[in-house]
$ cat target.txt   # compact mmCIF, C-alpha atoms
# COMPACT_ATOMS: atom_id res chain seq x y z
CA MET A 30 -10.89 4.86 3.46
CA LYS A 31 -12.16 3.10 0.37
CA ALA A 32 -13.55 -0.28 -0.55
CA ALA A 33 -14.76 -2.28 -3.53
CA VAL A 34 -15.78 -5.78 -4.48
CA VAL A 35 -13.02 -7.61 -6.37
CA ASP A 36 -13.25 -10.31 -9.04
CA LEU A 37 -10.46 -12.63 -7.92
CA ASP A 38 -10.42 -14.48 -11.24
CA THR A 39 -9.24 -11.37 -13.08
CA GLY A 40 -8.10 -8.88 -10.41
CA ALA A 41 -10.61 -6.30 -11.68
CA LEU A 42 -12.97 -4.33 -9.48
CA ALA A 43 -16.46 -5.82 -9.66
CA SER A 44 -18.20 -2.79 -8.14
CA ASP A 45 -17.82 0.94 -7.80
CA ARG A 46 -15.16 2.06 -5.35
CA ILE A 47 -16.80 3.77 -2.37
CA ARG A 48 -14.79 6.30 -0.35
CA ILE A 49 -15.42 7.66 3.14
CA PRO A 50 -13.03 10.24 4.64
CA THR A 51 -10.67 8.80 7.22
CA PRO A 52 -11.93 9.88 10.66
CA LYS A 53 -9.97 12.42 12.70
CA PRO A 54 -8.50 11.29 14.97
CA ALA A 55 -7.94 8.00 13.15
CA THR A 56 -8.44 5.81 16.21
CA PRO A 57 -9.03 2.05 16.00
CA ARG A 58 -12.71 2.19 16.94
CA ALA A 59 -13.43 5.12 14.61
CA MET A 60 -11.78 3.42 11.65
CA ALA A 61 -13.46 0.10 12.39
CA ALA A 62 -16.82 1.89 12.33
CA VAL A 63 -16.03 3.31 8.87
CA ALA A 64 -15.03 -0.15 7.66
CA ALA A 65 -18.37 -1.49 8.90
CA GLU A 66 -20.20 1.24 7.01
CA LEU A 67 -18.28 0.43 3.80
CA VAL A 68 -19.28 -3.22 4.23
CA ARG A 69 -22.92 -2.19 4.70
CA LEU A 70 -22.90 0.05 1.64
CA HIS A 71 -21.55 -2.77 -0.52
CA GLY A 72 -23.93 -5.35 0.98
CA TRP A 73 -20.90 -7.57 1.56
CA SER A 74 -21.20 -10.79 3.59
CA ALA A 75 -18.06 -12.82 2.82
CA PRO A 76 -14.51 -12.68 4.27
CA LEU A 77 -12.98 -9.22 4.09
CA GLY A 78 -9.42 -8.08 3.42
CA VAL A 79 -8.23 -4.77 4.87
CA GLY A 80 -5.03 -2.99 3.89
CA PHE A 81 -3.46 -1.05 6.76
CA PRO A 82 -0.69 1.61 6.61
CA GLY A 83 1.70 0.05 9.09
CA ILE A 84 3.23 -3.19 10.32
CA VAL A 85 0.63 -5.95 10.76
CA HIS A 86 1.93 -9.22 12.22
CA HIS A 87 -0.58 -12.05 12.61
CA GLY A 88 -3.38 -9.48 12.67
CA VAL A 89 -1.82 -7.30 15.36
CA VAL A 90 -0.69 -3.75 14.55
CA HIS A 91 2.90 -2.96 15.51
CA SER A 92 3.24 0.49 13.89
CA ALA A 93 1.00 3.18 12.43
CA ALA A 94 3.22 6.19 11.76
CA ASN A 95 0.60 8.13 9.79
CA LEU A 96 -2.39 7.28 12.01
CA ASP A 97 -3.25 7.58 15.68
CA ARG A 98 -0.65 6.18 18.09
CA SER A 99 -3.35 4.21 19.90
CA TRP A 100 -3.16 1.62 17.11
CA THR A 101 0.05 0.08 18.44
CA GLY A 102 -0.64 -3.36 19.92
CA VAL A 103 -4.24 -3.55 18.70
CA ASP A 104 -5.54 -6.93 17.48
CA ALA A 105 -6.95 -5.39 14.32
CA ASP A 106 -8.19 -8.69 12.90
CA ARG A 107 -10.46 -9.09 15.91
CA LEU A 108 -11.47 -5.43 16.12
CA PHE A 109 -12.54 -5.22 12.47
CA SER A 110 -14.13 -8.68 12.53
CA ASP A 111 -16.29 -7.67 15.49
CA ALA A 112 -17.20 -4.31 13.94
CA CYS A 113 -18.06 -5.73 10.52
CA GLY A 114 -19.54 -9.06 11.61
CA LEU A 115 -17.25 -10.84 9.13
CA ASP A 116 -14.00 -12.77 9.10
CA VAL A 117 -11.34 -10.10 8.48
CA ALA A 118 -7.71 -10.47 7.39
CA MET A 119 -5.53 -7.39 7.90
CA VAL A 120 -2.41 -6.80 5.79
CA ASN A 121 0.10 -4.00 5.34
CA ASP A 122 -1.36 -1.87 2.56
CA ALA A 123 1.79 -1.69 0.42
CA ASP A 124 2.22 -5.45 0.76
CA ALA A 125 -1.36 -5.78 -0.50
CA ALA A 126 -0.63 -3.52 -3.48
CA GLY A 127 2.48 -5.53 -4.25
CA LEU A 128 0.60 -8.83 -4.15
CA ALA A 129 -1.83 -7.49 -6.76
CA GLU A 130 0.96 -6.22 -9.01
CA VAL A 131 2.84 -9.54 -8.77
CA ARG A 132 -0.31 -11.56 -9.48
CA TRP A 133 -1.91 -9.47 -12.24
CA GLY A 134 0.09 -6.29 -12.83
CA ALA A 135 3.45 -4.84 -13.74
CA ALA A 136 5.47 -7.47 -11.82
CA ARG A 137 3.63 -10.51 -13.15
CA GLU A 138 6.04 -13.38 -13.88
CA VAL A 139 9.08 -11.24 -12.99
CA ALA A 140 11.80 -13.36 -11.39
CA GLY A 141 14.29 -12.16 -8.81
CA VAL A 142 13.89 -9.22 -6.45
CA VAL A 143 10.97 -6.85 -7.03
CA LEU A 144 10.21 -3.72 -5.03
CA VAL A 145 6.69 -2.27 -5.17
CA LEU A 146 6.62 1.26 -3.74
CA THR A 147 3.51 3.32 -3.05
CA PHE A 148 3.92 7.10 -3.01
CA GLY A 149 1.04 8.77 -1.20
CA THR A 150 0.66 10.12 2.34
CA GLY A 151 3.87 8.22 3.10
CA ILE A 152 5.96 5.71 1.16
CA GLY A 153 4.88 2.11 1.44
CA SER A 154 6.92 -0.86 0.25
CA GLY A 155 6.36 -4.44 -0.79
CA LEU A 156 9.46 -6.61 -1.26
CA PHE A 157 9.23 -9.85 -3.28
CA VAL A 158 11.77 -12.54 -4.07
CA ASP A 159 10.70 -14.76 -6.98
CA GLY A 160 7.12 -13.76 -6.31
CA ILE A 161 7.24 -14.50 -2.58
CA LEU A 162 6.43 -11.60 -0.23
CA VAL A 163 8.84 -10.50 2.49
CA PRO A 164 6.19 -8.78 4.66
CA ASN A 165 6.16 -5.49 6.54
CA THR A 166 9.36 -3.95 5.15
CA GLU A 167 8.12 -0.35 5.65
CA LEU A 168 11.04 1.04 3.62
CA GLY A 169 9.56 4.54 3.64
CA HIS A 170 11.00 4.77 7.16
CA LEU A 171 14.56 4.05 6.11
CA GLU A 172 16.82 6.80 7.39
CA LEU A 173 18.19 8.81 4.49
CA ASP A 174 20.14 12.04 4.95
CA GLY A 175 19.33 12.00 8.66
CA ARG A 176 15.54 11.62 8.41
CA ASP A 177 12.79 9.20 7.41
CA ALA A 178 12.89 8.98 3.62
CA GLU A 179 9.14 9.53 3.35
CA SER A 180 9.35 12.83 5.20
CA HIS A 181 11.20 14.23 2.18
CA ALA A 182 10.00 12.16 -0.77
CA ALA A 183 6.37 11.12 -0.20
CA ALA A 184 3.81 12.44 -2.67
CA SER A 185 2.06 14.30 0.14
CA VAL A 186 5.26 16.27 0.81
CA ARG A 187 5.22 17.62 -2.74
CA GLU A 188 1.68 18.86 -2.25
CA ARG A 189 2.30 20.18 1.26
CA GLU A 190 5.40 22.13 0.24
CA GLY A 191 3.81 23.32 -3.00
CA ILE A 192 6.74 22.20 -5.15
CA GLY A 193 6.59 21.07 -8.77
CA TRP A 194 7.44 17.72 -10.28
CA ALA A 195 10.87 18.97 -11.36
CA GLU A 196 11.84 19.70 -7.76
CA TRP A 197 10.25 16.60 -6.25
CA THR A 198 11.51 14.00 -8.73
CA PRO A 199 15.22 14.26 -7.72
CA ARG A 200 14.15 13.47 -4.14
CA VAL A 201 12.51 10.28 -5.37
CA GLN A 202 15.56 9.41 -7.46
CA ARG A 203 17.85 9.85 -4.44
CA TYR A 204 15.62 7.50 -2.47
CA LEU A 205 15.46 4.92 -5.28
CA ARG A 206 19.24 4.94 -5.67
CA HIS A 207 19.52 4.20 -1.94
CA LEU A 208 17.13 1.23 -2.27
CA GLU A 209 19.01 0.07 -5.35
CA MET A 210 22.25 0.02 -3.37
CA LEU A 211 20.65 -1.95 -0.52
CA PHE A 212 18.59 -4.53 -2.42
CA SER A 213 19.90 -4.76 -6.03
CA PRO A 214 16.34 -5.20 -7.32
CA ASP A 215 15.48 -6.54 -10.76
CA LEU A 216 12.42 -4.27 -11.03
CA ILE A 217 10.89 -1.35 -9.14
CA VAL A 218 7.15 -0.76 -9.51
CA ILE A 219 5.77 2.66 -8.56
CA GLY A 220 2.22 2.75 -7.22
CA GLY A 221 0.08 4.87 -4.93
CA GLY A 222 -1.47 8.22 -5.72
CA ALA A 223 1.63 9.51 -7.56
CA SER A 224 1.39 6.66 -10.07
CA LYS A 225 -1.79 8.19 -11.52
CA LEU A 226 0.37 11.06 -12.81
CA ALA A 227 3.42 8.97 -13.70
CA ASP A 228 3.65 10.66 -17.10
CA GLN A 229 4.54 13.90 -15.28
CA TRP A 230 7.71 12.57 -13.68
CA LEU A 231 8.60 8.89 -13.97
CA SER A 232 10.52 9.25 -17.25
CA LYS A 233 12.87 11.68 -15.48
CA ILE A 234 14.06 8.95 -13.06
CA SER A 235 17.48 7.64 -14.09
CA ILE A 236 18.83 4.64 -12.17
CA ASP A 237 20.23 1.27 -13.21
CA THR A 238 17.12 -0.71 -12.20
CA PRO A 239 14.07 -0.70 -14.52
CA VAL A 240 11.33 1.48 -12.97
CA VAL A 241 7.73 1.18 -14.18
CA ALA A 242 4.34 2.51 -13.12
CA ALA A 243 1.96 0.12 -11.38
CA ALA A 244 -0.41 -1.45 -13.89
CA MET A 245 -3.27 -1.44 -11.37
CA ALA A 246 -2.62 2.15 -10.27
CA ASN A 247 -4.33 3.07 -7.00
CA ASN A 248 -6.67 0.04 -7.00
CA ALA A 249 -3.85 -2.40 -6.28
CA GLY A 250 -4.21 -2.18 -2.49
CA ILE A 251 -7.90 -3.08 -2.60
CA VAL A 252 -7.28 -5.98 -4.98
CA GLY A 253 -4.37 -7.33 -2.95
CA ALA A 254 -6.32 -7.13 0.30
CA ALA A 255 -9.12 -9.17 -1.28
CA LEU A 256 -6.54 -11.74 -2.36
CA VAL A 257 -5.24 -11.99 1.21
CA ALA A 258 -8.79 -12.48 2.53
CA ARG A 259 -9.39 -15.38 0.15
CA HIS A 260 -6.16 -17.17 1.07
CA ALA A 261 -6.67 -16.55 4.79
CA HIS A 262 -10.07 -18.22 4.78
CA LEU A 263 -9.69 -21.11 2.35

$ encode --input "target.txt" --output "structure tokens"
Amino acid sequence: MKAAVVDLDTGALASDRIRIPTPKPATPRAMAAVAAELVRLHGWSAPLGVGFPGIVHHGVVHSAANLDRSWTGVDADRLFSDACGLDVAMVNDADAAGLAEVRWGAAREVAGVVLVLTFGTGIGSGLFVDGILVPNTELGHLELDGRDAESHAAASVREREGIGWAEWTPRVQRYLRHLEMLFSPDLIVIGGGASKLADQWLSKISIDTPVVAAAMANNAGIVGAALVARHAHL
């Protein structure tokens, strides 16, 4: 879990990024306690945006495939607000990353359909139509070849299986071709941890849709969450 102060005039981080290991098990109360500690360490006292790896609808968690199952049905807005003593706005983490890329990054002023994909522990997705977010798409869980796409093509799978970029990249391309068929996007933006090493593999992707690395790299989720917090508490 990581946090930073964001300058919402520029989209840049206005502080160091502080990281605390995600608790195991990653239960709601344990993660809320870490969020409270991150707030304390930053000396933060204004509304807070929190990116969450799952479906978040009106502050309530409806899925958390890569966290503890006890998250399902939790009013996370209230839980984190109580823990942190602040007004909190929860948002799907890939949606948050996409909002930052559309506002300040690689998808700025791009018309039409844009897909922002985060390759990390799983595969997150943010879908935008003319800059407007279609929330909670969770396209990493699309069934592809009889399984969740992220179980074969997430960045964590490459590390877990000990395979090189040359073996992993065709898996990503197969997944991107599937998304291309379904959504006919005008642009695909690749973010998440794998985007930090985009020079190792992204040029090997060959599909009809333009594919670019996220301009804000792995900070996009933090920046987008801060943007959500501001709009939620205007």

$ atom_distance --input "target.txt" --atom1 "atom CA of A:Asp116" --atom2 "atom CA of A:Leu42"
20.4 Å

$ closest_residue --input "target.txt" --among "A:Trp197, A:Ala55, A:Gly253, A:Gly222" --to "A:Asp122" --atoms "only C-alpha atoms"
A:Gly253

$ closest_residue --input "target.txt" --among "A:Ala258, A:Ile234, A:Ala184, A:Leu37" --to "A:Ala118" --atoms "all atoms listed in the file"
A:Ala258

$ residues_around --input "target.txt" --residues "A:Asp215" --least-positions-apart "5" --cutoff "10 Å" --atoms "all atoms listed in the file" --output "PyMOL selection string"
chain A and resi 139-144+158+209+237-240

$ axis_aligned_box --input "target.txt" --around "stretch 41-47 of chain A" --padding-each-side "5 Å" --output "AutoDock Vina command-line options"
--center_x -14.4 --center_y -1.3 --center_z -7.0 --size_x 17.6 --size_y 20.1 --size_z 19.3

$ residues_around --input "target.txt" --residues "A:Val201" --least-positions-apart "5" --cutoff "10 Å" --atoms "only C-alpha atoms" --output "PDB file with C-alpha atoms, in the coordinates of the input"
ATOM      1  CA  PHE A 148       3.920   7.100  -3.010  1.00  0.00           C
ATOM      2  CA  ALA A 178      12.890   8.980   3.620  1.00  0.00           C
ATOM      3  CA  GLU A 179       9.140   9.530   3.350  1.00  0.00           C
ATOM      4  CA  HIS A 181      11.200  14.230   2.180  1.00  0.00           C
ATOM      5  CA  ALA A 182      10.000  12.160  -0.770  1.00  0.00           C
ATOM      6  CA  ALA A 183       6.370  11.120  -0.200  1.00  0.00           C
ATOM      7  CA  ALA A 184       3.810  12.440  -2.670  1.00  0.00           C
ATOM      8  CA  GLU A 196      11.840  19.700  -7.760  1.00  0.00           C
ATOM      9  CA  ARG A 206      19.240   4.940  -5.670  1.00  0.00           C
ATOM     10  CA  HIS A 207      19.520   4.200  -1.940  1.00  0.00           C
ATOM     11  CA  TRP A 230       7.710  12.570 -13.680  1.00  0.00           C
ATOM     12  CA  LEU A 231       8.600   8.890 -13.970  1.00  0.00           C
ATOM     13  CA  ILE A 234      14.060   8.950 -13.060  1.00  0.00           C
TER      14      ILE A 234
END

$ closest_residue --input "target.txt" --among "A:Arg176, A:Val35, A:Asp159, A:Ala223" --to "A:Trp73" --atoms "all atoms listed in the file"
A:Val35

$ closest_residue --input "target.txt" --among "A:Gly88, A:Gly102, A:Gly193, A:Gly80" --to "A:Gly153" --atoms "only C-alpha atoms"
A:Gly80

$ atom_distance --input "target.txt" --atom1 "atom CA of A:Cys113" --atom2 "atom CA of A:Ala94"
24.4 Å

$ closest_residue --input "target.txt" --among "A:Leu77, A:Trp194, A:Glu167, A:Ile161" --to "A:Arg137" --atoms "all atoms listed in the file"
A:Ile161

$ residues_around --input "target.txt" --residues "A:Phe109" --least-positions-apart "5" --cutoff "12 Å" --atoms "all atoms listed in the file" --output "PyMOL selection string"
chain A and resi 57-68+76-81+88-89+103-104+114-119

$ closest_residue --input "target.txt" --among "A:Ala246, A:Leu256, A:Met210, A:Ile47" --to "A:Ala33" --atoms "all atoms listed in the file"
A:Ile47

$ residues_around --input "target.txt" --residues "A:Ile219" --least-positions-apart "4" --cutoff "7 Å" --atoms "all atoms listed in the file" --output "PyMOL selection string"
chain A and resi 145-147+224+241-243

$ residues_around --input "target.txt" --residues "A:Gly250" --least-positions-apart "2" --cutoff "8 Å" --atoms "only C-alpha atoms" --output "ChimeraX atom specification"
/A:80,122-127,129,247-248,252-254

$ atom_distance --input "target.txt" --atom1 "atom CA of A:Ala244" --atom2 "atom CA of A:Arg132"
11.0 Å

$ build_atoms --input "target.txt" --residues "stretch 31-64 of chain A" --atoms "N, CA and C atoms" --output "CSV table (one decimal), in the coordinates of the input"
chain,number,residue,atom,x,y,z
A,31,LYS,N,-11.4,3.5,1.6
A,31,LYS,CA,-12.2,3.1,0.4
A,31,LYS,C,-12.3,1.6,0.3
A,32,ALA,N,-13.3,1.1,-0.4
A,32,ALA,CA,-13.6,-0.3,-0.6
A,32,ALA,C,-14.3,-0.6,-1.9
A,33,ALA,N,-14.1,-1.8,-2.3
A,33,ALA,CA,-14.8,-2.3,-3.5
A,33,ALA,C,-14.8,-3.8,-3.5
A,34,VAL,N,-15.7,-4.3,-4.3
A,34,VAL,CA,-15.8,-5.8,-4.5
A,34,VAL,C,-14.8,-6.1,-5.6
A,35,VAL,N,-14.1,-7.2,-5.4
A,35,VAL,CA,-13.0,-7.6,-6.4
A,35,VAL,C,-13.3,-9.0,-7.0
A,36,ASP,N,-13.2,-9.0,-8.3
A,36,ASP,CA,-13.2,-10.3,-9.0
A,36,ASP,C,-11.9,-11.0,-9.0
A,37,LEU,N,-11.8,-12.0,-8.2
A,37,LEU,CA,-10.5,-12.6,-7.9
A,37,LEU,C,-10.1,-13.6,-9.0
A,38,ASP,N,-10.9,-13.7,-10.1
A,38,ASP,CA,-10.4,-14.5,-11.2
A,38,ASP,C,-9.6,-13.6,-12.2
A,39,THR,N,-9.9,-12.3,-12.1
A,39,THR,CA,-9.2,-11.4,-13.1
A,39,THR,C,-8.4,-10.3,-12.4
A,40,GLY,N,-8.7,-10.0,-11.1
A,40,GLY,CA,-8.1,-8.9,-10.4
A,40,GLY,C,-8.8,-7.5,-10.7
A,41,ALA,N,-9.9,-7.5,-11.4
A,41,ALA,CA,-10.6,-6.3,-11.7
A,41,ALA,C,-11.6,-6.0,-10.6
A,42,LEU,N,-11.9,-4.7,-10.4
A,42,LEU,CA,-13.0,-4.3,-9.5
A,42,LEU,C,-14.3,-4.8,-10.1
A,43,ALA,N,-15.1,-5.3,-9.2
A,43,ALA,CA,-16.5,-5.8,-9.7
A,43,ALA,C,-17.6,-4.9,-9.2
A,44,SER,N,-17.2,-3.8,-8.6
A,44,SER,CA,-18.2,-2.8,-8.1
A,44,SER,C,-17.6,-1.4,-8.2
A,45,ASP,N,-18.4,-0.4,-8.0
A,45,ASP,CA,-17.8,0.9,-7.8
A,45,ASP,C,-17.0,1.0,-6.5
A,46,ARG,N,-16.0,1.9,-6.5
A,46,ARG,CA,-15.2,2.1,-5.4
A,46,ARG,C,-15.8,3.1,-4.5
A,47,ILE,N,-16.1,2.8,-3.3
A,47,ILE,CA,-16.8,3.8,-2.4
A,47,ILE,C,-15.8,4.3,-1.4
A,48,ARG,N,-15.8,5.6,-1.2
A,48,ARG,CA,-14.8,6.3,-0.4
A,48,ARG,C,-15.5,7.0,0.8
A,49,ILE,N,-15.0,6.9,2.0
A,49,ILE,CA,-15.4,7.7,3.1
A,49,ILE,C,-14.2,8.3,3.8
A,50,PRO,N,-14.2,9.6,4.1
A,50,PRO,CA,-13.0,10.2,4.6
A,50,PRO,C,-12.6,9.5,5.9
A,51,THR,N,-11.2,9.4,6.0
A,51,THR,CA,-10.7,8.8,7.2
A,51,THR,C,-11.0,9.7,8.4
A,52,PRO,N,-11.5,9.1,9.5
A,52,PRO,CA,-11.9,9.9,10.7
A,52,PRO,C,-10.7,10.6,11.3
A,53,LYS,N,-11.0,11.7,11.9
A,53,LYS,CA,-10.0,12.4,12.7
A,53,LYS,C,-10.5,12.6,14.1
A,54,PRO,N,-9.7,12.1,15.1
A,54,PRO,CA,-8.5,11.3,15.0
A,54,PRO,C,-8.8,9.9,14.4
A,55,ALA,N,-7.8,9.3,13.8
A,55,ALA,CA,-7.9,8.0,13.2
A,55,ALA,C,-7.7,6.9,14.2
A,56,THR,N,-8.6,6.8,15.1
A,56,THR,CA,-8.4,5.8,16.2
A,56,THR,C,-8.9,4.4,15.7
A,57,PRO,N,-8.6,3.4,16.4
A,57,PRO,CA,-9.0,2.0,16.0
A,57,PRO,C,-10.6,1.9,15.9
A,58,ARG,N,-11.2,2.3,16.9
A,58,ARG,CA,-12.7,2.2,16.9
A,58,ARG,C,-13.4,3.0,15.8
A,59,ALA,N,-12.9,4.2,15.6
A,59,ALA,CA,-13.4,5.1,14.6
A,59,ALA,C,-13.2,4.5,13.2
A,60,MET,N,-12.0,4.0,13.0
A,60,MET,CA,-11.8,3.4,11.6
A,60,MET,C,-12.5,2.1,11.4
A,61,ALA,N,-12.7,1.3,12.5
A,61,ALA,CA,-13.5,0.1,12.4
A,61,ALA,C,-14.9,0.4,12.1
A,62,ALA,N,-15.4,1.5,12.6
A,62,ALA,CA,-16.8,1.9,12.3
A,62,ALA,C,-17.0,2.3,10.9
A,63,VAL,N,-16.0,3.0,10.3
A,63,VAL,CA,-16.0,3.3,8.9
A,63,VAL,C,-16.0,2.0,8.0
A,64,ALA,N,-15.1,1.1,8.4
A,64,ALA,CA,-15.0,-0.2,7.7
A,64,ALA,C,-16.4,-0.9,7.7
